[in-house]
Structures are given as structure tokens and as C-alpha cells.
Amino acid sequence: MAYTVGMYLAERLAQIGLKHHFAVAGDYNLVLLDQLLLNKDMEQIYCCNELNCGFSAEGYARARGVAAAVVTFSVGAISAMNAIGGAYAENLPVILISGAPNSNDHGSGHVLHHTIGTTDYGYQLEMVRHLTCAAESIVSAENAPAKIDHVIRTALRERKPAYLEIACNVAGAECVRPGPVSSLLPETPSDLTSLQAALDASLAWLAPRDRVVLLVGSKLRAADAQAVSVELADRMGCAVTIMAAAKGFFPEDHPCYRGLYWGEVSSPGAQELVESADGIICLAPVFNDYSTVGWNAWPKGDNVLLAEPDRVTVAGRSYEGIALRDFIKGMTARAPSKPATAEGTTAPRLELAQAKGHAPLTNDEMTRQIQALLTKNTTLTAETGDSWFNATRMNLPGGARVELEMQWGHIGWSVPSAFGNAMGSQDRRHILMVGDGSFQLTAQEVAQMIRYELPVIIFLVNNRGYVIEIAIHDGPYNYIKNWDYAGLIAAFNAGEGHGLGLHAKTGDELQDAIEKAVANKRGPTLIECSIARDDCTSELVNWGKRVAATNSRRPAAD
Ligand SMILES: Cc1ncc(C[n+]2csc(CCOP(=O)(O)OP(=O)(O)O)c2C)c(N)n1
Ligand SMILES: [Mg+2]
């Protein structure tokens with residue numbers, strides 16, 4: 001049998017560790033999907049729509065480091081681009097692959113279906129360039145291998161999404177075979193001159209400082225620097241705080257862990273620790289309006305050492321071309337012990353008192369019960385909304401993972417992302433916390449959890465509206481049509497699935513539902529938790545006020 005462009009792509013995707021790719025069929029990608037199916041090392045997983053397909057791949061990349069989504073031209077790809085923007089924002093290498101017009105139609109003047117009705121088919125490639133680190137159009141088999149390899153390698157190196165479009169008549173065209181490749185994560189070597197200078201400057205900066213803290217940020221995972229940051233904490237013995245979007249990126253059972261730094265909505269003691277420190281070592285942070293609580297919690301100035309994925313800024317100089325991992329390893333070898341901030345302080349613990357079993361379910365009681373479900377083997381995906389604040393205030397057993405999408409913040413992201421994550425790490429317990437408003441965007445992807453028998457436990461927080469938006473800025477637009485969320489599951493099962501939909505209006509009902517969910521191994525369980533609309537975390541209210549004040553700043557005077 002002849003070897004083809006599609007087979008080449010499939011083999012490369014399998015070589016970098018993909019066991020699955022996500023797809024929605026359309027006539028521009030059917031031949032490509034046929035070719036991908038020939039590869040028996042990878043399974044094709046179907047999604048309800050292309051936005052969800054992109055987010056499913058995004059979740060898979062969270063679990064396995066890389067993912068692929070295959071869609072049709074324009075009507076599919078343009079929907080998927082939203083999720084690709086999310087993957088860019090969240091530093092996840094998702095390879096978006098779009099079917100494309102027949103190579104003979106490019107430049108022919110023909111008008112084709114699924115296009116905007118003009119005769120230039122380059123617009124999709126042009127659009128997606130802004131959302132990816134590499135983007136290529138394949139219209140001939142000869143240069144397909146080079147383009148495929150460039151896109152895949154760049155995505156892995158940059159930890160960003162990348163894009164390929166393949167003319168529908170080229171996907172099955174004859175092509176050379178790929179050779180072997182070495183590893184999933186090619187390491188970019190550091191500039192040794194720069195690294196050495198950055199280490200010397202950092203150690204000189206550190207020497208006279210006593211009250212030192214590490215602040216762990218959300219780019220740490222993409223920089224592959226989680227394990228080395230634990231070694232640095234072991235060596236220095238100082239307090240370690242995390243940023244909200246980095247929840248779970250540092251083990252909370254580590255003796256130096258001192259909680260979440262998020263300005264006014266920090267965990268108890270953490271704001272004081274960070275803001276009174278004379279040395280804050282920021283590891284791969286993202287300081288945006290949300291993470292700084294409206295620009296109010298942004299460590300800056302002489303007391304800050306900023307270690308980003310590819311550069312270090314300290315004592316008024318910026319050192320570039322440095323892999324964060326190498327910098328942290330260098331610091332671990334040479335840094336002095338700085339235990340002052342860890343001494344006399346303890347890790348904050350969220351201790352919620354058990355509510356009366358028959359009392360109406362509260363946000364705290366729900367959070368208490370979900371926290372009790374977390375094990376070292378759990379992945380908790382938490383959607384935008386009060387779920388952010390509930391997830392970030394929980395105590396995590398070492399090894400537990402939390403998935404958040406705080407930079408892109410697309411409501412509805414969590415349902416397909418949890419689906420993809422569960423597909424990519426089936427050995428873990430998957431828990432999803434999602435608000436009613438968010439769920440309405442992407443609810444149908446629960447049907448795929450049923451189809452593929454993934455036992456995701458979904459806590460659907462029904463607080464009758466966009467409570468986070470009510471906290472930021474209230475108006476009639478924050479109140480939504482109620483659904484029978486638990487009732488949807490029977491419709492998705494359609495008599496042939498093992499999904500379970502349950503209601504919980506009291507603590508006892510929730511307990512009972514959780515027991516059933518844990519026992520349901522052949523499909524998802526959605527537990528609709530009814531919570532009063534004004535029952536939310538104080539963190540959400542305080543953070544919302546600050547963000548609202550920032551959003552409503554008046555235009556600068558001329
Ligand atoms: C795609 C998209 N549209 C709109 C928004 C604005 N937005 C942010 S949070 C939110 C409401 C979330 O409501 P819900 O999921 O019910 O969570 P709750 O705050 O009630 O816990 C909205 C509409 C967004 N983030 N993303
Ligand atoms: Mg809500």
C-alpha cells in the first residue's frame with residue numbers, strides 16, 4: 001500500500017505520544033480522517049462541535065503534554081479557533097488540523113461551499129496565524145513532511161498551539177515515510193553566559209535578604225519546572241506561595257507551602273508573607289488584571305526577582321535565553337538557606353464545619369464534601385465563576401491536580417476540557433465543578449463522556465445565574481433560563497448509556513449522590529447542586545468589587 005500525507009501526519013502524532021486525536025467530520029477532512037484511522041496506535045475521538053473539539057484537545061494536552069484536533073474548513077476551523085486562542089493563552093500545544101479546498105481550486109477563481117464566498121482561500125491561514133506559533137498550508141505532497149514536522153516541533157518547543165491545513169486531495173497523496181524521533185519534549189539549551197550571569201546576580205541579590213518567599217506562577221508547568229522548584233524550596237526552606245492559576249503546581253503537603261497569594265483574597269497569612277517579604281522570587285507568573293486583583297497585588301521593584309520561562313530579571317538587569325529549569329537548578333545548587341518566612345508560620349487549612357444533613361445545601365457544605373473526595377490521584381477541573389474560588393481555597397493532597405483556565409476564561413471551557421483530560425488520563429479520578437451559566441455553553445459534550453464511558457463526576461452548581469458577574473456588575477443579563485440539568489443525562493443516555501443525573505438540595509442528598517457517583521464506573525455522573533443565589537465565597541465578592549473598580553476607571557484625560 002502506498003504511504004500518504006495523512007499517514008505521515010498520523011505516524012508523527014503517534015510518535016510524540018498521542019494515543020487519541022479529536023475530530024469532527026466534514027467533507028474537506030474525510031479523506032484525512034480515513035488516513036488517520038489507518039494508524040492503529042491512535043484512536044479517533046468524536047466531539048459534538050468544533051469549539052468543543054478544540055477544548056477537548058486542550059484538556060488532553062493538559063493531561064499528556066500535547067494534543068490534536070481535526071476539523072473541516074472554515075465552518076469547523078473558525079469555531080475551533082476560539083479554543084486555540086485559549087490554548088495559546090494557557091500555554092498548551094494543541095495542533096489544529098483543518099481540511100482545506102482541493103489544491104486545484106486554489107487560485108482558480110472558483111467559489112466553494114463552506115467559504116465566505118470569495119475566491120481567495122488564504123483567509124483562514126491568515127486568521128489562525130495570530131493564535132498559533134506556527135501555521136502551514138499543505139497543497140502538495142512533496143513539501144508536506146517538512147511542513148508537518150515544522151508545525152509539530154514548533155508547538156512542542158514553544159508550548160503553544162500550531163496549525164496545519166491540508167488540501168482535501170493531498171491528504172491521500174503519496175508521500176515519504178517519517179523517520180524516528182527522540183522525545184516528546186525537546187529541551188532548548190540555555191545560553192551559558194547569560195545563565196551564569198543571571199545566577200551570579202541572583203545570588204548577590206539574595207545574600208542580604210532574610211524574609212524571602214517563592215511565588216509560583218501558572219507558566220511553571222509549561223516550562224517543565226515543577227519538580228525543580230520543589231528542590232529549590234527544599235534547599236532554601238523559605239515559604240512557598242502559589243498564584244491562583246498555578247493551583248496544584250506546587251505540592252501542598254510540602255513543609256514550606258504557605259498557601260495562595262491573591263492580594264486581598266489570599267489564603268490566611270499569605271498576603272502578609274508576600275507583601276512583607278524583602279525578597280520575592282516569582283517563578284513563571286502571569287500578572288494580569290485578574291491575578292493582581294485589579295492591579296492591586298503586583299509584586300514589583302527591587303525586592304522582586306522575576307524568573308520567566310525564558311529570561312530572568314533581577315537587580316535592574318534582564319538575562320535572556322535561559323530555560324527556567326536550568327536557572328532553578330543552578331539556584332538550587334548554590335542558594336543559601338533562607339528559612340525565616342517558613343519559621344513560625346503554618347500552611348493554611350480550609351476547615352469547614354459539617355452542616356446539618358437536612359438543611360438546604362450551602363456553598364460551604366458542597367465545597368467540604370468535594371474536598372473530601374480529592375485524592376492524590378484526582379484531577380479537579382474548575383470552571384470560571386465561583387468554582388474558581390471554591391477550587392483554589394481547597395486543601396490538595398500531594399499529587400492532586402487542578403485545571404483552571406484563568407487567562408482565557410471562556411465559560412463552558414471546562415466541560416469539553418474535562419472530557420479531553422479524562423480521555424488522556426483514564427487512570428485518574430476526574431472531578432468537574434461547573435456553574436449553571438457556564439454549562440449552558442457546552443453541555444452536549446457530556447454526551448461524549450457517556451459515549452466513551454468516562455466516569456467524570458460533575459458538580460453542576462445551580463445558583464440560578466451568573467453569580468460572578470453579579471459580583472462584578474449586576475444587571476438583567478446575569479439571570480438565565482433554568483434547566484433541569486440532572487434531567488439532561490437521561491436524554492443524553494438515550495437508553496444506551498450509563499450516565500447518571502442526580503439532584504442534591506441538602507447535605508445528606510449530596511452525600512448520597514456522591515456515593516452513587518463513585519460507584520458509577522461506566523459513565524459520568526452529574527450532580528446538580530442547588531445553592532442559593534447569594535450564597536457564594538467571600539473571596540468572590542471581595543475580588544469582584546476590586547475588579548469592578550478597575551474595569552470602571554474613567555478614560556484618561558486628553
Ligand atoms: C465565552 C464567554 N462569554 C461570556 C463570559 C463572561 N462571563 C464570565 S463568568 C460568567 C458567568 C458564569 O456563571 P456560572 O457558570 O453560573 O458561574 P457562577 O459565577 O454562578 O458560579 C460570564 C457570563 C465569558 N467569560 N466567556
Ligand atoms: Mg451560576
# chains A, B, ... in the order shown; residues from 1 in each chain; ligands from 1

$ closest_atom_pairs --of "chain A" --to "ligand 1" --cutoff "10 Å" --atoms "only C-alpha atoms and all ligand atoms" --output "Markdown table"
| residue | atom | partner | partner_atom_place_in_ligand_line | distance |
| --- | --- | --- | --- | --- |
| A:Asn82 | CA | ligand 1 | 1 (C) | 9.0 |
| A:Glu383 | CA | ligand 1 | 15 (O) | 7.0 |
| A:Thr384 | CA | ligand 1 | 9 (S) | 5.6 |
| A:Gly385 | CA | ligand 1 | 19 (O) | 3.5 |
| A:Asp386 | CA | ligand 1 | 21 (O) | 3.8 |
| A:Ser387 | CA | ligand 1 | 21 (O) | 5.7 |
| A:Trp388 | CA | ligand 1 | 21 (O) | 8.2 |
| A:Phe389 | CA | ligand 1 | 21 (O) | 9.0 |
| A:Asn390 | CA | ligand 1 | 21 (O) | 9.3 |
| A:Met406 | CA | ligand 1 | 25 (N) | 9.5 |
| A:Trp408 | CA | ligand 1 | 25 (N) | 8.0 |
| A:Gly409 | CA | ligand 1 | 25 (N) | 5.0 |
| A:His410 | CA | ligand 1 | 26 (N) | 3.8 |
| A:Ile411 | CA | ligand 1 | 26 (N) | 4.2 |
| A:Gly412 | CA | ligand 1 | 1 (C) | 6.9 |
| A:Trp413 | CA | ligand 1 | 1 (C) | 8.2 |
| A:Met433 | CA | ligand 1 | 21 (O) | 9.3 |
| A:Val434 | CA | ligand 1 | 15 (O) | 6.0 |
| A:Gly435 | CA | ligand 1 | 15 (O) | 3.3 |
| A:Asp436 | CA | ligand 1 | 16 (O) | 4.1 |
| A:Gly437 | CA | ligand 1 | 16 (O) | 3.5 |
| A:Ser438 | CA | ligand 1 | 15 (O) | 3.6 |
| A:Phe439 | CA | ligand 1 | 15 (O) | 6.3 |
| A:Gln440 | CA | ligand 1 | 15 (O) | 8.2 |
| A:Leu441 | CA | ligand 1 | 1 (C) | 7.8 |
| A:Leu460 | CA | ligand 1 | 15 (O) | 8.9 |
| A:Val461 | CA | ligand 1 | 21 (O) | 6.8 |
| A:Asn462 | CA | ligand 1 | 16 (O) | 6.9 |
| A:Asn463 | CA | ligand 1 | 20 (O) | 5.7 |
| A:Arg464 | CA | ligand 1 | 16 (O) | 6.9 |
| A:Gly465 | CA | ligand 1 | 16 (O) | 4.9 |
| A:Tyr466 | CA | ligand 1 | 13 (O) | 3.5 |
| A:Val467 | CA | ligand 1 | 20 (O) | 3.7 |
| A:Ile468 | CA | ligand 1 | 19 (O) | 3.6 |
| A:Glu469 | CA | ligand 1 | 10 (C) | 5.7 |
| A:Ile470 | CA | ligand 1 | 19 (O) | 7.7 |
| A:Ala471 | CA | ligand 1 | 19 (O) | 8.3 |
| A:Ile472 | CA | ligand 1 | 9 (S) | 9.5 |
| A:Tyr477 | CA | ligand 1 | 23 (C) | 8.6 |
| A:Asn478 | CA | ligand 1 | 23 (C) | 7.1 |
| A:Tyr479 | CA | ligand 1 | 16 (O) | 9.1 |
| A:Ile480 | CA | ligand 1 | 16 (O) | 8.6 |
| A:Ile531 | CA | ligand 1 | 20 (O) | 9.7 |
| A:Arg533 | CA | ligand 1 | 20 (O) | 7.8 |
| A:Asp534 | CA | ligand 1 | 20 (O) | 9.7 |
| A:Asp535 | CA | ligand 1 | 21 (O) | 9.8 |
| A:Cys536 | CA | ligand 1 | 21 (O) | 7.7 |
| A:Thr537 | CA | ligand 1 | 21 (O) | 9.6 |
| A:Leu540 | CA | ligand 1 | 19 (O) | 8.6 |

$ select_by_dssp --residues "region 22-54 of chain A" --states "helix (DSSP H, G or I)" --output "list in words"
Leu30, Val31, Leu32, Leu33, Asp34, Gln35, Leu36, Leu37, Glu50, Leu51, Asn52, Cys53 and Gly54 of chain A

$ residues_around --residues "Ser182 (chain A)" --least-positions-apart "6" --cutoff "12 Å" --atoms "only C-alpha atoms" --output "PyMOL selection string"
chain A and resi 12+15-17+153

$ closest_residue --among "A:Ser417, A:Ser202, A:Thr392, A:Asn363" --to "ligand 2" --atoms "only C-alpha atoms and all ligand atoms"
A:Asn363

$ atom_distance --atom1 "CA of Arg554 (chain A)" --atom2 "CA of Gly294 (chain A)"
14.2 Å

$ closest_residue --among "A:Ala61, A:Ala222, A:Val541, A:Cys529" --to "ligand 2" --atoms "only C-alpha atoms and all ligand atoms"
A:Cys529

$ atom_distance --atom1 "CA of Phe55 (chain A)" --atom2 "CA of Ala83 (chain A)"
5.3 Å

$ closest_residue --among "A:Ser56, A:Ser291, A:Ser98, A:Asn296" --to "Asn29 (chain A)" --atoms "only C-alpha atoms"
A:Ser98

$ select_by_dssp --residues "region 217-446 of chain A" --states "strand (DSSP E or B)" --output "JSON, numbers by chain"
{"A": [239, 240, 241, 242, 257, 258, 259, 260, 262, 264, 279, 280, 281, 282, 283, 304, 305, 306, 307, 308, 311, 312, 313, 314, 317, 318, 319, 320, 360, 378, 379, 380, 381, 382, 401, 402, 403, 429, 430, 431, 432, 433, 434, 435]}

$ write_last_selection --atoms "N, CA and C atoms" --output "compact mmCIF listing (two decimals), in the first residue's frame"
# COMPACT_ATOMS: atom_id res chain seq x y z
N ALA A 239 9.23 30.15 52.78
CA ALA A 239 7.81 29.96 52.49
C ALA A 239 7.58 29.92 50.98
N VAL A 240 6.67 29.05 50.56
CA VAL A 240 6.28 28.99 49.14
C VAL A 240 4.80 29.32 49.05
N THR A 241 4.50 30.30 48.22
CA THR A 241 3.09 30.63 47.96
C THR A 241 2.84 30.39 46.47
N ILE A 242 1.58 30.20 46.15
CA ILE A 242 1.24 29.99 44.73
C ILE A 242 0.27 31.07 44.28
N TYR A 257 4.99 24.94 52.11
CA TYR A 257 3.81 25.52 51.44
C TYR A 257 3.04 26.42 52.40
N ARG A 258 2.73 27.63 51.96
CA ARG A 258 2.04 28.58 52.82
C ARG A 258 0.80 29.19 52.15
N GLY A 259 0.31 28.56 51.10
CA GLY A 259 -1.00 28.95 50.57
C GLY A 259 -0.96 29.83 49.34
N LEU A 260 -2.13 30.39 49.08
CA LEU A 260 -2.41 31.11 47.84
C LEU A 260 -2.21 32.60 48.04
N TRP A 262 -3.13 36.02 46.50
CA TRP A 262 -4.03 36.64 45.52
C TRP A 262 -4.52 37.96 46.13
N GLU A 264 -5.89 40.68 48.27
CA GLU A 264 -6.87 40.67 49.36
C GLU A 264 -7.58 39.35 49.55
N GLY A 279 12.43 39.72 49.74
CA GLY A 279 12.88 39.04 48.53
C GLY A 279 11.77 38.12 48.03
N ILE A 280 11.18 38.47 46.88
CA ILE A 280 10.10 37.63 46.33
C ILE A 280 10.63 37.03 45.03
N ILE A 281 10.77 35.73 45.02
CA ILE A 281 11.26 35.06 43.81
C ILE A 281 10.03 34.55 43.05
N CYS A 282 9.70 35.22 41.95
CA CYS A 282 8.49 34.87 41.19
C CYS A 282 8.88 33.88 40.10
N LEU A 283 8.30 32.70 40.16
CA LEU A 283 8.62 31.66 39.18
C LEU A 283 7.48 31.55 38.17
N VAL A 304 11.97 42.18 44.02
CA VAL A 304 11.42 41.10 43.19
C VAL A 304 12.47 40.54 42.24
N LEU A 305 12.57 39.21 42.21
CA LEU A 305 13.34 38.52 41.18
C LEU A 305 12.31 37.83 40.29
N LEU A 306 12.33 38.19 39.02
CA LEU A 306 11.33 37.65 38.10
C LEU A 306 11.97 36.59 37.22
N ALA A 307 11.59 35.33 37.44
CA ALA A 307 12.14 34.24 36.63
C ALA A 307 11.04 33.74 35.69
N GLU A 308 11.15 34.09 34.44
CA GLU A 308 10.15 33.72 33.44
C GLU A 308 10.65 32.50 32.66
N ARG A 311 13.65 33.92 30.56
CA ARG A 311 14.52 35.02 30.98
C ARG A 311 14.41 35.27 32.48
N VAL A 312 15.44 35.93 33.01
CA VAL A 312 15.46 36.29 34.43
C VAL A 312 15.71 37.78 34.52
N THR A 313 14.91 38.47 35.32
CA THR A 313 15.13 39.90 35.54
C THR A 313 15.36 40.11 37.03
N VAL A 314 16.51 40.67 37.36
CA VAL A 314 16.86 40.87 38.77
C VAL A 314 17.82 42.07 38.89
N ARG A 317 18.57 44.27 35.80
CA ARG A 317 19.05 43.73 34.51
C ARG A 317 18.21 42.55 34.09
N SER A 318 18.13 42.35 32.79
CA SER A 318 17.37 41.23 32.24
C SER A 318 18.32 40.28 31.52
N TYR A 319 18.24 39.01 31.86
CA TYR A 319 19.13 37.99 31.29
C TYR A 319 18.29 37.07 30.43
N GLU A 320 18.62 36.96 29.16
CA GLU A 320 17.72 36.22 28.26
C GLU A 320 18.34 34.90 27.79
N PRO A 360 -30.88 23.03 53.91
CA PRO A 360 -30.63 23.31 52.49
C PRO A 360 -29.12 23.36 52.21
N THR A 378 -6.47 12.54 41.97
CA THR A 378 -7.62 13.28 41.42
C THR A 378 -7.17 14.42 40.53
N THR A 379 -7.90 14.63 39.43
CA THR A 379 -7.78 15.86 38.65
C THR A 379 -9.10 16.61 38.79
N LEU A 380 -9.02 17.81 39.35
CA LEU A 380 -10.20 18.65 39.55
C LEU A 380 -10.17 19.77 38.52
N THR A 381 -11.15 19.78 37.63
CA THR A 381 -11.26 20.87 36.65
C THR A 381 -12.30 21.85 37.17
N ALA A 382 -11.93 23.12 37.26
CA ALA A 382 -12.85 24.11 37.84
C ALA A 382 -13.09 25.25 36.86
N ARG A 401 -4.31 17.17 41.03
CA ARG A 401 -4.11 18.22 40.02
C ARG A 401 -5.36 19.08 39.94
N VAL A 402 -5.14 20.36 39.67
CA VAL A 402 -6.27 21.27 39.44
C VAL A 402 -6.09 21.89 38.07
N GLU A 403 -7.15 21.95 37.31
CA GLU A 403 -7.10 22.58 35.99
C GLU A 403 -8.00 23.80 35.99
N ARG A 429 -8.95 9.92 38.90
CA ARG A 429 -10.34 10.29 39.19
C ARG A 429 -10.56 11.73 38.69
N HIS A 430 -11.57 11.91 37.87
CA HIS A 430 -11.83 13.24 37.31
C HIS A 430 -13.07 13.86 37.92
N ILE A 431 -12.88 15.06 38.47
CA ILE A 431 -13.99 15.81 39.06
C ILE A 431 -14.09 17.15 38.34
N LEU A 432 -15.31 17.53 38.02
CA LEU A 432 -15.54 18.81 37.35
C LEU A 432 -16.49 19.63 38.20
N MET A 433 -16.11 20.90 38.45
CA MET A 433 -17.02 21.85 39.10
C MET A 433 -17.38 22.91 38.07
N VAL A 434 -18.66 23.03 37.77
CA VAL A 434 -19.06 23.97 36.71
C VAL A 434 -20.37 24.64 37.10
N GLY A 435 -20.45 25.95 36.87
CA GLY A 435 -21.66 26.71 37.17
C GLY A 435 -22.73 26.49 36.12

$ closest_residue --among "A:Val415, A:Met423, A:Ile457, A:Met1" --to "His21 (chain A)" --atoms "only C-alpha atoms"
A:Met423

$ closest_residue --among "A:Ala355, A:Ala284, A:Ala557, A:Leu192" --to "Ala225 (chain A)" --atoms "only C-alpha atoms"
A:Ala284

$ residues_around --residues "region 40-47 of chain A" --least-positions-apart "4" --cutoff "10 Å" --atoms "only C-alpha atoms" --output "JSON, numbers by chain"
{"A": [10, 11, 13, 14, 15, 17, 18, 19, 20, 21, 22, 23, 24, 25, 33, 36, 51, 52, 53, 54, 55, 56, 57, 69, 70, 416, 419, 420, 423, 444, 445, 446, 447, 448, 449, 451, 452]}

$ closest_residue --among "A:Leu156, A:Met331, A:Ala171, A:Leu488" --to "Ala233 (chain A)" --atoms "only C-alpha atoms"
A:Met331

$ residues_around --residues "Tyr485 (chain A)" --least-positions-apart "2" --cutoff "8 Å" --atoms "only C-alpha atoms" --output "count of residues only"
7

$ residues_around --residues "Val265 (chain A)" --least-positions-apart "3" --cutoff "8 Å" --atoms "only C-alpha atoms" --output "PyMOL selection string"
chain A and resi 261-262+539+542-543

$ write_last_selection --atoms "N, CA and C atoms" --output "PDB file, in the first residue's frame"
ATOM      1  N   TYR A 261      -1.382  33.215  47.193  1.00  0.00           N
ATOM      2  CA  TYR A 261      -1.251  34.678  47.216  1.00  0.00           C
ATOM      3  C   TYR A 261      -2.120  35.255  46.111  1.00  0.00           C
ATOM      4  N   TRP A 262      -3.132  36.021  46.503  1.00  0.00           N
ATOM      5  CA  TRP A 262      -4.031  36.642  45.521  1.00  0.00           C
ATOM      6  C   TRP A 262      -4.523  37.956  46.133  1.00  0.00           C
ATOM      7  N   GLU A 539     -14.470  35.445  49.047  1.00  0.00           N
ATOM      8  CA  GLU A 539     -13.375  35.777  48.121  1.00  0.00           C
ATOM      9  C   GLU A 539     -13.934  36.315  46.800  1.00  0.00           C
ATOM     10  N   ASN A 542     -15.236  39.935  47.365  1.00  0.00           N
ATOM     11  CA  ASN A 542     -14.170  40.932  47.547  1.00  0.00           C
ATOM     12  C   ASN A 542     -13.369  41.138  46.271  1.00  0.00           C
ATOM     13  N   TRP A 543     -13.071  40.056  45.611  1.00  0.00           N
ATOM     14  CA  TRP A 543     -12.318  40.136  44.353  1.00  0.00           C
ATOM     15  C   TRP A 543     -13.164  40.862  43.298  1.00  0.00           C
TER      16      TRP A 543
END

$ residues_around --residues "region 334-341 of chain A" --least-positions-apart "4" --cutoff "6 Å" --atoms "only C-alpha atoms" --output "PyMOL selection string"
chain A and resi 211+236-239

$ write_last_selection --atoms "N, CA and C atoms" --output "mmCIF file, in the first residue's frame"
data_model
loop_
_atom_site.group_PDB
_atom_site.id
_atom_site.type_symbol
_atom_site.label_atom_id
_atom_site.label_comp_id
_atom_site.auth_asym_id
_atom_site.auth_seq_id
_atom_site.Cartn_x
_atom_site.Cartn_y
_atom_site.Cartn_z
ATOM 1 N N ARG A 211 13.817 37.823 54.605
ATOM 2 C CA ARG A 211 12.414 37.414 54.502
ATOM 3 C C ARG A 211 12.113 37.120 53.029
ATOM 4 N N MET A 236 16.177 26.025 50.010
ATOM 5 C CA MET A 236 16.114 27.336 50.661
ATOM 6 C C MET A 236 15.298 27.302 51.949
ATOM 7 N N GLY A 237 14.299 26.427 52.004
ATOM 8 C CA GLY A 237 13.494 26.300 53.222
ATOM 9 C C GLY A 237 12.613 27.500 53.513
ATOM 10 N N CYS A 238 12.420 28.369 52.524
ATOM 11 C CA CYS A 238 11.583 29.555 52.743
ATOM 12 C C CYS A 238 10.127 29.229 52.428
ATOM 13 N N ALA A 239 9.227 30.154 52.779
ATOM 14 C CA ALA A 239 7.810 29.959 52.491
ATOM 15 C C ALA A 239 7.579 29.922 50.976
#

$ atom_distance --atom1 "CA of Leu404 (chain A)" --atom2 "CA of Arg159 (chain A)"
16.8 Å
